[in-house]
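A.B. asks: Sharing structure-v4.cif, mmCIF, C-alpha atoms:
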data_coords
#
loop_
_atom_site.label_atom_id
_atom_site.label_comp_id
_atom_site.auth_asym_id
_atom_site.auth_seq_id
_atom_site.Cartn_x
_atom_site.Cartn_y
_atom_site.Cartn_z
CA MET A 1 -15.00 -47.62 -32.44
CA GLY A 2 -12.52 -45.65 -34.54
CA ASP A 3 -9.15 -44.90 -33.01
CA PRO A 4 -8.60 -41.12 -32.69
CA ILE A 5 -4.80 -41.35 -32.47
CA PRO A 6 -4.04 -41.50 -36.23
CA LEU A 7 -6.30 -38.48 -36.74
CA VAL A 8 -4.50 -36.57 -33.97
CA GLU A 9 -1.21 -37.27 -35.74
CA GLN A 10 -2.52 -36.01 -39.07
CA LEU A 11 -3.86 -32.82 -37.50
CA ILE A 12 -0.59 -32.08 -35.68
CA ARG A 13 1.28 -32.32 -39.00
CA ILE A 14 -0.70 -29.33 -40.27
CA ASP A 15 0.91 -26.09 -39.07
CA SER A 16 -2.27 -24.22 -38.15
CA SER A 17 -0.59 -21.29 -36.39
CA THR A 18 -1.63 -18.92 -39.20
CA LYS A 19 -4.97 -18.15 -40.85
CA ALA A 20 -3.91 -20.07 -43.95
CA GLY A 21 -2.77 -23.00 -41.86
CA ALA A 22 -5.95 -23.05 -39.79
CA ASN A 23 -8.01 -23.01 -42.99
CA LYS A 24 -5.95 -25.93 -44.31
CA ALA A 25 -6.72 -27.88 -41.14
CA ILE A 26 -10.42 -27.01 -41.45
CA ASP A 27 -10.42 -28.28 -45.03
CA TYR A 28 -8.81 -31.53 -43.90
CA CYS A 29 -11.48 -31.98 -41.20
CA GLU A 30 -14.23 -31.24 -43.72
CA GLU A 31 -12.97 -33.94 -46.10
CA TRP A 32 -12.54 -36.43 -43.24
CA LEU A 33 -16.11 -35.90 -42.01
CA GLU A 34 -17.65 -35.99 -45.49
CA ASN A 35 -15.80 -39.22 -46.29
CA ARG A 36 -17.64 -40.78 -43.36
CA GLY A 37 -21.03 -39.68 -44.62
CA LEU A 38 -21.56 -36.84 -42.17
CA PRO A 39 -23.43 -33.61 -42.99
CA VAL A 40 -20.98 -30.72 -42.96
CA GLU A 41 -21.65 -26.99 -43.21
CA LYS A 42 -18.65 -24.84 -44.02
CA ILE A 43 -18.96 -21.19 -43.04
CA GLU A 44 -16.53 -18.38 -43.85
CA ASN A 45 -16.10 -15.20 -41.83
CA ASN A 46 -13.40 -12.60 -42.50
CA GLY A 47 -11.46 -15.19 -44.45
CA TYR A 48 -11.61 -17.79 -41.63
CA ARG A 49 -13.30 -21.12 -42.31
CA ILE A 50 -15.53 -22.80 -39.73
CA LEU A 51 -17.17 -26.24 -39.71
CA VAL A 52 -20.51 -27.26 -38.20
CA CYS A 53 -21.74 -30.86 -38.23
CA GLU A 54 -25.01 -31.83 -36.55
CA ILE A 55 -26.45 -35.27 -35.86
CA GLY A 56 -29.19 -36.68 -33.63
CA GLN A 57 -32.58 -35.37 -32.64
CA GLY A 58 -34.44 -34.14 -29.60
CA ASP A 59 -35.35 -30.85 -27.99
CA ASN A 60 -31.94 -30.14 -26.46
CA THR A 61 -28.60 -29.62 -28.16
CA ILE A 62 -25.17 -30.63 -26.88
CA ILE A 63 -22.28 -28.81 -28.53
CA PHE A 64 -18.79 -30.24 -28.96
CA ASN A 65 -16.67 -27.13 -29.54
CA GLY A 66 -13.04 -27.50 -30.58
CA HIS A 67 -10.42 -25.17 -32.01
CA ILE A 68 -7.96 -26.31 -34.64
CA ASP A 69 -5.56 -23.37 -34.44
CA VAL A 70 -2.33 -23.46 -32.43
CA ILE A 71 0.36 -20.99 -31.42
CA GLU A 72 3.56 -20.81 -33.44
CA ALA A 73 6.25 -23.45 -32.95
CA GLU A 74 9.45 -24.83 -34.41
CA ASP A 75 9.10 -27.05 -37.49
CA SER A 76 10.06 -30.09 -35.44
CA GLN A 77 6.96 -29.67 -33.27
CA PHE A 78 4.76 -30.34 -36.28
CA LYS A 79 6.27 -33.82 -36.58
CA PRO A 80 4.35 -35.85 -33.99
CA TYR A 81 5.84 -38.87 -32.27
CA ILE A 82 4.83 -41.24 -29.49
CA ASN A 83 7.13 -42.12 -26.61
CA ASP A 84 6.19 -43.97 -23.44
CA GLY A 85 2.46 -43.59 -24.03
CA LYS A 86 2.67 -39.86 -24.76
CA MET A 87 2.14 -38.13 -28.10
CA TYR A 88 4.32 -35.07 -28.54
CA GLY A 89 3.73 -32.16 -30.91
CA ARG A 90 2.29 -28.66 -31.14
CA GLY A 91 -1.44 -28.82 -30.51
CA SER A 92 -1.37 -32.39 -29.23
CA ALA A 93 -3.04 -31.31 -25.96
CA ASP A 94 -4.32 -27.86 -26.95
CA MET A 95 -6.43 -29.12 -28.56
CA LYS A 96 -6.13 -31.36 -31.59
CA ALA A 97 -6.56 -34.47 -29.45
CA GLY A 98 -9.89 -33.10 -28.27
CA VAL A 99 -10.97 -32.23 -31.81
CA ALA A 100 -9.99 -35.66 -33.16
CA ALA A 101 -11.90 -37.47 -30.41
CA MET A 102 -14.95 -35.30 -31.02
CA MET A 103 -14.81 -36.03 -34.75
CA GLU A 104 -14.47 -39.78 -34.18
CA THR A 105 -17.36 -39.67 -31.70
CA VAL A 106 -19.69 -37.94 -34.12
CA ALA A 107 -18.70 -40.37 -36.89
CA GLU A 108 -19.39 -43.31 -34.57
CA LEU A 109 -22.81 -41.99 -33.54
CA LYS A 110 -24.09 -40.72 -36.89
CA ASN A 111 -26.64 -43.53 -37.31
CA SER A 112 -27.55 -43.87 -33.63
CA ASN A 113 -30.92 -43.02 -32.13
CA LEU A 114 -29.62 -40.24 -29.91
CA PRO A 115 -31.72 -38.56 -27.20
CA SER A 116 -30.24 -35.15 -28.04
CA LYS A 117 -28.88 -33.24 -30.99
CA ILE A 118 -25.08 -33.22 -31.13
CA MET A 119 -23.51 -30.22 -32.85
CA LEU A 120 -19.80 -30.43 -33.60
CA GLN A 121 -18.17 -27.02 -34.09
CA ILE A 122 -14.59 -26.83 -35.35
CA VAL A 123 -13.27 -23.27 -35.18
CA PRO A 124 -10.08 -21.55 -36.41
CA ASP A 125 -9.06 -18.78 -34.00
CA GLU A 126 -9.49 -19.53 -30.29
CA GLU A 127 -5.82 -18.77 -29.61
CA THR A 128 -6.24 -15.25 -30.99
CA GLY A 129 -9.53 -14.39 -29.29
CA GLY A 130 -12.21 -16.48 -30.99
CA THR A 131 -14.08 -13.55 -32.50
CA ASN A 132 -14.02 -14.87 -36.08
CA GLY A 133 -14.99 -18.41 -35.09
CA THR A 134 -17.05 -19.24 -32.02
CA LYS A 135 -18.20 -15.68 -31.35
CA PHE A 136 -19.45 -15.46 -34.93
CA LEU A 137 -21.27 -18.79 -34.59
CA THR A 138 -23.07 -17.75 -31.40
CA GLU A 139 -24.12 -14.45 -32.94
CA ASN A 140 -25.63 -16.35 -35.87
CA GLY A 141 -27.72 -18.85 -33.95
CA TYR A 142 -25.41 -21.85 -33.61
CA LEU A 143 -26.30 -22.35 -29.96
CA GLY A 144 -26.85 -25.21 -27.55
CA ASP A 145 -28.04 -26.11 -24.08
CA PHE A 146 -24.75 -27.63 -22.95
CA ILE A 147 -21.37 -26.81 -24.45
CA ILE A 148 -18.23 -28.91 -24.02
CA CYS A 149 -15.03 -27.10 -24.97
CA GLY A 150 -12.45 -29.83 -25.46
CA GLU A 151 -9.52 -28.06 -23.82
CA PRO A 152 -7.12 -30.30 -21.85
CA THR A 153 -8.46 -30.87 -18.31
CA ASN A 154 -6.95 -34.24 -17.34
CA LEU A 155 -10.47 -35.71 -17.69
CA GLY A 156 -11.78 -33.35 -15.01
CA ILE A 157 -14.67 -30.95 -15.56
CA ALA A 158 -13.95 -27.21 -15.38
CA VAL A 159 -17.32 -25.67 -14.53
CA GLN A 160 -15.94 -22.17 -14.01
CA ALA A 161 -13.41 -19.96 -15.76
CA LYS A 162 -12.12 -16.54 -14.80
CA GLY A 163 -13.08 -13.50 -16.81
CA VAL A 164 -10.51 -11.45 -18.71
CA LEU A 165 -9.88 -7.72 -18.37
CA GLN A 166 -6.86 -6.41 -20.29
CA LEU A 167 -5.89 -2.79 -19.73
CA ASP A 168 -3.49 -0.34 -21.40
CA PHE A 169 -2.04 2.59 -19.43
CA VAL A 170 -0.17 5.74 -20.42
CA ILE A 171 1.57 7.31 -17.43
CA GLN A 172 3.07 10.80 -17.64
CA GLY A 173 6.08 12.03 -15.67
CA LYS A 174 8.42 14.99 -15.94
CA PRO A 175 11.64 14.89 -17.99
CA ALA A 176 15.00 15.93 -16.56
CA HIS A 177 18.70 15.33 -17.18
CA GLY A 178 19.77 11.80 -16.27
CA SER A 179 22.45 13.14 -13.94
CA ARG A 180 19.80 14.97 -11.88
CA PRO A 181 16.87 12.52 -11.62
CA TRP A 182 15.51 14.31 -8.53
CA GLU A 183 14.56 17.22 -10.77
CA GLY A 184 12.25 15.01 -12.82
CA ASP A 185 9.40 12.59 -12.20
CA ASN A 186 10.25 9.16 -13.63
CA ALA A 187 7.22 7.79 -15.52
CA ILE A 188 8.54 4.21 -15.37
CA ILE A 189 8.78 4.33 -11.58
CA LYS A 190 5.29 5.85 -11.42
CA ALA A 191 3.93 3.00 -13.54
CA ILE A 192 5.52 0.35 -11.35
CA GLN A 193 4.19 2.06 -8.23
CA LEU A 194 0.74 2.11 -9.80
CA TYR A 195 0.98 -1.62 -10.51
CA GLU A 196 1.95 -2.30 -6.89
CA ASN A 197 -0.97 -0.16 -5.68
CA ILE A 198 -3.38 -2.08 -7.93
CA LEU A 199 -2.30 -5.29 -6.19
CA GLU A 200 -3.69 -3.82 -2.95
CA LEU A 201 -7.10 -2.75 -4.30
CA PRO A 202 -10.23 -4.46 -2.89
CA PHE A 203 -10.85 -6.58 -6.00
CA ALA A 204 -7.27 -7.89 -5.89
CA THR A 205 -7.58 -9.15 -2.33
CA GLU A 206 -11.03 -10.76 -2.64
CA THR A 207 -11.14 -14.56 -2.64
CA GLY A 208 -13.47 -16.98 -4.42
CA PRO A 209 -13.51 -20.31 -2.59
CA PRO A 210 -13.76 -23.19 -3.24
CA MET A 211 -12.68 -22.79 -6.86
CA TYR A 212 -10.24 -19.91 -6.57
CA ASP A 213 -7.87 -18.03 -4.29
CA LYS A 214 -7.72 -14.58 -5.87
CA ALA A 215 -7.84 -12.80 -9.20
CA SER A 216 -4.56 -12.93 -11.09
CA ILE A 217 -2.86 -9.72 -12.25
CA ASN A 218 -0.07 -10.03 -14.78
CA LEU A 219 2.19 -7.09 -15.62
CA ALA A 220 2.29 -8.04 -19.28
CA LYS A 221 4.07 -5.15 -21.00
CA ILE A 222 5.96 -2.03 -19.97
CA ARG A 223 7.76 0.43 -22.21
CA GLY A 224 9.34 3.77 -21.42
CA GLY A 225 12.42 5.89 -21.86
CA THR A 226 14.38 6.82 -24.95
CA VAL A 227 17.99 7.50 -23.93
CA TYR A 228 20.25 6.84 -20.94
CA ASN A 229 20.70 10.47 -19.90
CA LYS A 230 17.07 11.53 -19.64
CA VAL A 231 14.42 10.89 -16.99
CA PRO A 232 11.53 9.13 -18.82
CA GLU A 233 8.53 11.41 -19.21
CA THR A 234 6.14 8.73 -20.56
CA CYS A 235 5.59 5.06 -19.76
CA GLU A 236 3.16 2.63 -21.37
CA MET A 237 2.02 -0.36 -19.33
CA SER A 238 -0.39 -3.23 -19.98
CA LEU A 239 -2.06 -5.54 -17.46
CA ASP A 240 -3.77 -8.89 -18.02
CA ILE A 241 -6.31 -9.36 -15.21
CA ARG A 242 -8.16 -12.64 -14.79
CA TYR A 243 -11.01 -11.76 -12.46
CA LEU A 244 -13.17 -14.05 -10.34
CA PRO A 245 -16.51 -15.20 -11.81
CA GLU A 246 -18.49 -13.28 -9.17
CA GLN A 247 -16.59 -10.02 -9.70
CA SER A 248 -17.64 -7.15 -11.95
CA PRO A 249 -15.14 -6.01 -14.60
CA ASN A 250 -16.75 -2.57 -14.56
CA GLU A 251 -16.19 -2.25 -10.81
CA ILE A 252 -12.58 -3.42 -11.23
CA PHE A 253 -12.01 -0.81 -13.92
CA LYS A 254 -13.56 1.86 -11.69
CA GLN A 255 -11.26 0.97 -8.78
CA ILE A 256 -8.20 1.13 -11.03
CA GLN A 257 -9.29 4.33 -12.75
CA GLU A 258 -9.67 6.11 -9.40
CA ILE A 259 -5.99 5.62 -8.50
CA THR A 260 -4.50 6.10 -11.98
CA GLU A 261 -2.63 9.32 -12.63
CA GLY A 262 -2.70 9.08 -16.41
CA THR A 263 -4.96 7.31 -18.89
CA VAL A 264 -6.23 3.74 -18.78
CA ASN A 265 -8.22 2.04 -21.54
CA ILE A 266 -9.80 -1.38 -21.89
CA HIS A 267 -8.11 -3.56 -24.52
CA MET A 268 -10.25 -6.68 -23.96
CA LYS A 269 -13.12 -7.70 -21.68
CA ASN A 270 -14.29 -11.33 -21.73
CA HIS A 271 -17.01 -13.03 -19.73
CA PRO A 272 -16.31 -15.58 -17.00
CA VAL A 273 -17.95 -19.02 -16.98
CA LYS A 274 -20.18 -19.84 -14.00
CA THR A 275 -21.82 -23.25 -14.58
CA LYS A 276 -23.10 -24.85 -11.37
CA GLU A 277 -21.65 -28.09 -10.06
CA ASP A 278 -25.13 -29.59 -9.64
CA ASN A 279 -26.13 -28.86 -13.23
CA ALA A 280 -27.85 -31.97 -14.64
CA TYR A 281 -25.52 -32.08 -17.64
CA VAL A 282 -22.46 -31.88 -15.38
CA ILE A 283 -23.75 -34.68 -13.16
CA SER A 284 -24.44 -36.88 -16.19
CA LEU A 285 -21.03 -36.17 -17.70
CA ALA A 286 -19.35 -37.06 -14.39
CA GLU A 287 -21.27 -40.36 -14.38
CA SER A 288 -19.98 -41.13 -17.88
CA ILE A 289 -16.42 -40.33 -16.79
CA LYS A 290 -16.61 -42.75 -13.86
CA LYS A 291 -18.24 -45.40 -16.04
CA GLN A 292 -15.56 -45.29 -18.74
CA THR A 293 -12.47 -44.86 -16.53
CA GLN A 294 -11.08 -46.16 -13.27
CA LEU A 295 -11.87 -42.86 -11.56
CA LYS A 296 -14.06 -43.11 -8.46
CA THR A 297 -14.41 -39.35 -8.12
CA VAL A 298 -14.32 -36.66 -10.79
CA ASN A 299 -12.35 -33.46 -10.33
CA ILE A 300 -14.74 -30.50 -10.60
CA PHE A 301 -12.75 -27.28 -10.69
CA GLY A 302 -12.32 -23.75 -11.99
CA GLN A 303 -9.94 -22.71 -14.77
CA HIS A 304 -7.69 -19.68 -14.44
CA GLY A 305 -7.64 -19.11 -18.21
CA SER A 306 -10.37 -18.23 -20.68
CA ASN A 307 -11.82 -20.21 -23.59
CA ASP A 308 -14.35 -19.95 -26.40
CA GLY A 309 -17.13 -21.07 -24.06
CA GLN A 310 -17.40 -17.45 -22.91
CA PHE A 311 -19.30 -16.53 -26.08
CA PHE A 312 -22.23 -18.83 -25.24
CA ILE A 313 -22.82 -17.33 -21.79
CA LYS A 314 -25.03 -14.39 -22.78
CA HIS A 315 -27.15 -16.73 -24.92
CA GLY A 316 -28.02 -18.94 -21.95
CA GLY A 317 -25.89 -22.01 -22.61
CA CYS A 318 -24.20 -23.95 -19.80
CA VAL A 319 -20.48 -24.31 -20.54
CA VAL A 320 -17.71 -26.59 -19.31
CA GLU A 321 -14.19 -27.38 -20.35
CA PHE A 322 -13.56 -31.10 -20.58
CA GLY A 323 -10.67 -32.78 -22.35
CA PRO A 324 -7.97 -35.43 -22.21
CA ALA A 325 -4.83 -35.39 -20.09
CA GLY A 326 -1.73 -33.60 -21.33
CA ASP A 327 1.04 -31.27 -20.31
CA ASP A 328 3.16 -28.29 -21.40
CA TRP A 329 0.67 -26.87 -23.89
CA HIS A 330 2.17 -23.82 -25.58
CA GLY A 331 5.55 -25.19 -24.44
CA ASP A 332 8.42 -26.93 -26.20
CA ASN A 333 7.37 -30.38 -25.00
CA GLU A 334 3.61 -30.24 -25.44
CA MET A 335 2.14 -33.70 -25.19
CA VAL A 336 -1.06 -35.67 -24.59
CA TYR A 337 -1.44 -39.09 -22.98
CA VAL A 338 -2.56 -41.49 -25.71
CA ASP A 339 -4.73 -43.64 -23.46
CA SER A 340 -6.53 -40.57 -22.11
CA VAL A 341 -7.53 -39.54 -25.65
CA ARG A 342 -9.14 -42.93 -26.20
CA GLU A 343 -10.86 -42.75 -22.81
CA TYR A 344 -12.05 -39.25 -23.65
CA GLN A 345 -13.68 -40.49 -26.84
CA LYS A 346 -15.46 -43.30 -24.96
CA ILE A 347 -16.74 -40.79 -22.39
CA LEU A 348 -18.09 -38.45 -25.08
CA LYS A 349 -19.84 -41.34 -26.79
CA ASP A 350 -21.40 -42.60 -23.55
CA PHE A 351 -22.54 -39.12 -22.52
CA ALA A 352 -24.02 -38.27 -25.93
CA SER A 353 -25.77 -41.64 -26.09
CA THR A 354 -27.30 -41.61 -22.62
CA TYR A 355 -28.02 -38.05 -21.51
CA ASN A 356 -31.75 -37.35 -21.48
CA ASN A 357 -33.05 -34.02 -20.24
CA ASP A 358 -36.32 -35.71 -19.27
CA LYS A 359 -34.76 -38.15 -16.83
#
Would you kindly transcribe this structure into structure tokens?
C.D. replies:
Amino acid sequence: MGDPIPLVEQLIRIDSSTKAGANKAIDYCEEWLENRGLPVEKIENNGYRILVCEIGQGDNTIIFNGHIDVIEAEDSQFKPYINDGKMYGRGSADMKAGVAAMMETVAELKNSNLPSKIMLQIVPDEETGGTNGTKFLTENGYLGDFIICGEPTNLGIAVQAKGVLQLDFVIQGKPAHGSRPWEGDNAIIKAIQLYENILELPFATETGPPMYDKASINLAKIRGGTVYNKVPETCEMSLDIRYLPEQSPNEIFKQIQEITEGTVNIHMKNHPVKTKEDNAYVISLAESIKKQTQLKTVNIFGQHGSNDGQFFIKHGGCVVEFGPAGDDWHGDNEMVYVDSVREYQKILKDFASTYNNDK
């Protein structure tokens, strides 16, 4: 079996925080796959390059979905190094380790008699919304029955993910001289009061056991005021709401709209993931995890963040996040545990080789 670690190192060295950089990483992956005799389809959408590589046969399709883009970082973070069993570098955990292991797995299995089709998708823009990559693929028929997004999960299986509702507000007040604030109506104070009132709405206090406590509501941006000696008459505010899988974003928006004195508009609305724990694919994947590791039980949980798996939901695919163990992704000390990457590759190979939807 090929070792994924050298490939992880090569991918980290490519600064893929821009469109040009992501395309460079895609080109590298294309050459790597073709050099190993794999069929590769390169697709371009709005200047973004995407790779699809399919092997195997059967009536069902398992998708390995991985993004090659990363967020910006210092130059030093694109110089990977290993210390005490950990590989450091931008994208090491999120998610070039996952991509590398998926690539090595497909290369290893290319001539195997697989019970299912395996479709590897390498996409360029998950960190900026995924609309030019995975969303485009799903809208053009690149679909599967079971989708593994290789985000870092410490070898657990995330069967749920919160939905995303991002809102922009414009709150109006009344201007006055800064020395006489009681004669005005401070728009910044009104915005903060609105935020605090939103925290008390029914959707904000609902719980979603056993996966979740509550929805999360982040006061992401606030801007108001122009000079020291004037009561602000306008305030702009933005919220990032991660709602529970069983909640309705339309109902959330309605609740917020009813208490908003001003305007509120939807910036982004993404679907949650709601795969069941007793899904046959999930059970089989958990069996492969236990078989290839020392784990006696597998952590089945819900993610607070979103991922590209959301785009498969309306097309009927069952989605999970499953990836190696790492820490501090998007941080200054992002890293992945080297041994977990190798274990992850063995798990993917075992799962792809043994899952049979007829069993």
A.B. asks: Evaluated on this file, the PyMOL selection byres ((chain A and resi 276-278) around 9) picks out some residues - which ones are they, written as a list of chain:residue names?
C.D. replies: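 With the PyMOL selection byres ((chain A and resi 276-278) around 9) on this model, the match is A:Val159, A:Gln160, A:Lys274, A:Thr275, A:Asn279, A:Ala280, A:Tyr281, A:Val282, A:Ile283, A:Ile300, A:Phe301, A:Cys318.
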A.B. asks: For atom CA of A:Gly326 and atom CA of A:Ala97, quote the distance in Å rounded to one decimal.
C.D. replies: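 Taking atom CA of A:Gly326 and atom CA of A:Ala97, their separation equals 9.5 Å.
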A.B. asks: Give as a ChimeraX atom specification the residues that the PyMOL selection byres ((chain A and resi 144) around 6) matches when applied to the coordinates above.
C.D. replies: /A:61-63,143,145-146,317
A.B. asks: Using only C-alpha atoms, determine which residues lie at most 9 Å from stretch 199-208 of chain A, disregarding the query and same-chain residues fewer than 3 positions distant; provide the list as JSON, numbers by chain.
C.D. replies: {"A": [194, 195, 196, 211, 212, 213, 214, 215, 216, 217, 243, 244, 245, 246, 247, 251, 252, 255, 256]}
A.B. asks: Set the distance at 9 Å and use all atoms listed in the file: which residues neighbour stretch 99-116 of chain A once local chain neighbours fewer than 6 positions away are removed? I'd like the list as a VMD selection string.
C.D. replies: chain A and resid 1 to 8 11 29 32 to 33 36 to 38 53 to 62 64 to 68 122 150 341 to 342 344 to 346 348 to 349 352 to 357
A.B. asks: For the selection just defined, write its residues with C-alpha atoms to a file, as a PDB file, keeping the file's coordinate frame.
C.D. replies:
ATOM      1  CA  MET A   1     -15.000 -47.620 -32.440  1.00  0.00           C
ATOM      2  CA  GLY A   2     -12.520 -45.650 -34.540  1.00  0.00           C
ATOM      3  CA  ASP A   3      -9.150 -44.900 -33.010  1.00  0.00           C
ATOM      4  CA  PRO A   4      -8.600 -41.120 -32.690  1.00  0.00           C
ATOM      5  CA  ILE A   5      -4.800 -41.350 -32.470  1.00  0.00           C
ATOM      6  CA  PRO A   6      -4.040 -41.500 -36.230  1.00  0.00           C
ATOM      7  CA  LEU A   7      -6.300 -38.480 -36.740  1.00  0.00           C
ATOM      8  CA  VAL A   8      -4.500 -36.570 -33.970  1.00  0.00           C
ATOM      9  CA  LEU A  11      -3.860 -32.820 -37.500  1.00  0.00           C
ATOM     10  CA  CYS A  29     -11.480 -31.980 -41.200  1.00  0.00           C
ATOM     11  CA  TRP A  32     -12.540 -36.430 -43.240  1.00  0.00           C
ATOM     12  CA  LEU A  33     -16.110 -35.900 -42.010  1.00  0.00           C
ATOM     13  CA  ARG A  36     -17.640 -40.780 -43.360  1.00  0.00           C
ATOM     14  CA  GLY A  37     -21.030 -39.680 -44.620  1.00  0.00           C
ATOM     15  CA  LEU A  38     -21.560 -36.840 -42.170  1.00  0.00           C
ATOM     16  CA  CYS A  53     -21.740 -30.860 -38.230  1.00  0.00           C
ATOM     17  CA  GLU A  54     -25.010 -31.830 -36.550  1.00  0.00           C
ATOM     18  CA  ILE A  55     -26.450 -35.270 -35.860  1.00  0.00           C
ATOM     19  CA  GLY A  56     -29.190 -36.680 -33.630  1.00  0.00           C
ATOM     20  CA  GLN A  57     -32.580 -35.370 -32.640  1.00  0.00           C
ATOM     21  CA  GLY A  58     -34.440 -34.140 -29.600  1.00  0.00           C
ATOM     22  CA  ASP A  59     -35.350 -30.850 -27.990  1.00  0.00           C
ATOM     23  CA  ASN A  60     -31.940 -30.140 -26.460  1.00  0.00           C
ATOM     24  CA  THR A  61     -28.600 -29.620 -28.160  1.00  0.00           C
ATOM     25  CA  ILE A  62     -25.170 -30.630 -26.880  1.00  0.00           C
ATOM     26  CA  PHE A  64     -18.790 -30.240 -28.960  1.00  0.00           C
ATOM     27  CA  ASN A  65     -16.670 -27.130 -29.540  1.00  0.00           C
ATOM     28  CA  GLY A  66     -13.040 -27.500 -30.580  1.00  0.00           C
ATOM     29  CA  HIS A  67     -10.420 -25.170 -32.010  1.00  0.00           C
ATOM     30  CA  ILE A  68      -7.960 -26.310 -34.640  1.00  0.00           C
ATOM     31  CA  ILE A 122     -14.590 -26.830 -35.350  1.00  0.00           C
ATOM     32  CA  GLY A 150     -12.450 -29.830 -25.460  1.00  0.00           C
ATOM     33  CA  VAL A 341      -7.530 -39.540 -25.650  1.00  0.00           C
ATOM     34  CA  ARG A 342      -9.140 -42.930 -26.200  1.00  0.00           C
ATOM     35  CA  TYR A 344     -12.050 -39.250 -23.650  1.00  0.00           C
ATOM     36  CA  GLN A 345     -13.680 -40.490 -26.840  1.00  0.00           C
ATOM     37  CA  LYS A 346     -15.460 -43.300 -24.960  1.00  0.00           C
ATOM     38  CA  LEU A 348     -18.090 -38.450 -25.080  1.00  0.00           C
ATOM     39  CA  LYS A 349     -19.840 -41.340 -26.790  1.00  0.00           C
ATOM     40  CA  ALA A 352     -24.020 -38.270 -25.930  1.00  0.00           C
ATOM     41  CA  SER A 353     -25.770 -41.640 -26.090  1.00  0.00           C
ATOM     42  CA  THR A 354     -27.300 -41.610 -22.620  1.00  0.00           C
ATOM     43  CA  TYR A 355     -28.020 -38.050 -21.510  1.00  0.00           C
ATOM     44  CA  ASN A 356     -31.750 -37.350 -21.480  1.00  0.00           C
ATOM     45  CA  ASN A 357     -33.050 -34.020 -20.240  1.00  0.00           C
TER      46      ASN A 357
END
A.B. asks: Using the chain letters and residue numbers of this document, give as number ranges by chain the residues selected by the PyMOL selection byres ((chain A and resi 176) around 9).
C.D. replies: A: 174-175, 177-186, 229-233
A.B. asks: Based on the selection just made, write C-alpha atoms of those residues as a compact mmCIF listing (two decimals), in the frame of the given file.
C.D. replies:
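Output file selection.txt follows:
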# COMPACT_ATOMS: atom_id res chain seq x y z
CA LYS A 174 8.42 14.99 -15.94
CA PRO A 175 11.64 14.89 -17.99
CA HIS A 177 18.70 15.33 -17.18
CA GLY A 178 19.77 11.80 -16.27
CA SER A 179 22.45 13.14 -13.94
CA ARG A 180 19.80 14.97 -11.88
CA PRO A 181 16.87 12.52 -11.62
CA TRP A 182 15.51 14.31 -8.53
CA GLU A 183 14.56 17.22 -10.77
CA GLY A 184 12.25 15.01 -12.82
CA ASP A 185 9.40 12.59 -12.20
CA ASN A 186 10.25 9.16 -13.63
CA ASN A 229 20.70 10.47 -19.90
CA LYS A 230 17.07 11.53 -19.64
CA VAL A 231 14.42 10.89 -16.99
CA PRO A 232 11.53 9.13 -18.82
CA GLU A 233 8.53 11.41 -19.21
A.B. asks: Counting only C-alpha atoms, figure out which residue out of A:Cys235, A:Met87, A:Val164, A:Ile222 gets nearest to A:Ser248.
C.D. replies: A:Val164
A.B. asks: Rank nothing, just name the residue among A:Gln10, A:Asn154, A:Thr134, A:Ser238 nearest to A:Val170, using all atoms listed in the file.
C.D. replies: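 Using all atoms listed in the file, A:Val170 sits closest to A:Ser238.
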A.B. asks: I'd like to know which of A:Gly163, A:Gly156, A:Gly85, A:Pro209 is closest to A:Val298, using only C-alpha atoms.
C.D. replies: A:Gly156
A.B. asks: Can you pull out the residues contacting A:His304? Cut-off 8 Å, using all atoms listed in the file, and skip same-chain residues under 3 positions away; I want them as a PyMOL selection string.
C.D. replies: chain A and resi 161-162+242
A.B. asks: Write out the residues from the selection above, keeping C-alpha atoms, as a PDB file, in the frame of the given file.
C.D. replies:
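Dumped to result28.pdb:
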ATOM      1  CA  ALA A 161     -13.410 -19.960 -15.760  1.00  0.00           C
ATOM      2  CA  LYS A 162     -12.120 -16.540 -14.800  1.00  0.00           C
ATOM      3  CA  ARG A 242      -8.160 -12.640 -14.790  1.00  0.00           C
TER       4      ARG A 242
END
A.B. asks: Figure out the distance between atom CA of A:Ile14 and atom CA of A:Cys149, please, to one decimal in Å.
C.D. replies: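 Rounded to one decimal, the two atoms are 21.1 Å apart.
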A.B. asks: For A:Trp329, which residue among A:Ser92, A:Gln257, A:Ser76, A:Thr18 is the nearest when counting all atoms listed in the file?
C.D. replies: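 Checking each of A:Ser92, A:Gln257, A:Ser76, A:Thr18 against A:Trp329, counting all atoms listed in the file, the winner is A:Ser92.
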A.B. asks: With distances taken over all atoms listed in the file, which residue among A:Glu9, A:Asp69, A:Asp328, A:Glu139 lies nearest A:Asp125?
C.D. replies: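 Answer, going by the shortest atom-to-atom distance: A:Asp69.
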A.B. asks: Near A:Leu155, within 10 Å and counting all atoms listed in the file, which residues show up once chain neighbours fewer than 3 positions away are dropped, as a PyMOL selection string?
C.D. replies: chain A and resi 150-152+158+286+289+293+295+298-300+321-326+340-341+343-344+347
A.B. asks: In Å, rounded to a single decimal, give me how far atom CA of A:Glu41 is from atom CA of A:Gly133.
C.D. replies: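 That distance, rounded to one decimal, is 13.6 Å.
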A.B. asks: Using all atoms listed in the file, which of A:Ile259, A:Leu137, A:Ile171, A:Ile313 sits nearest A:Glu44?
C.D. replies: A:Leu137
A.B. asks: Using all atoms listed in the file, give me every residue within 9 Å of (-19.2, -15.5, -27.0) in file coordinates, as a list in words.
C.D. replies: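 Answer for this query, in the requested form: Gly130, Thr131, Thr134, Lys135, Phe136, Leu137, Thr138, Glu139, Asn270, His271, Asp308, Gly309, Gln310, Phe311, Phe312, Ile313, Lys314 and His315 of chain A.
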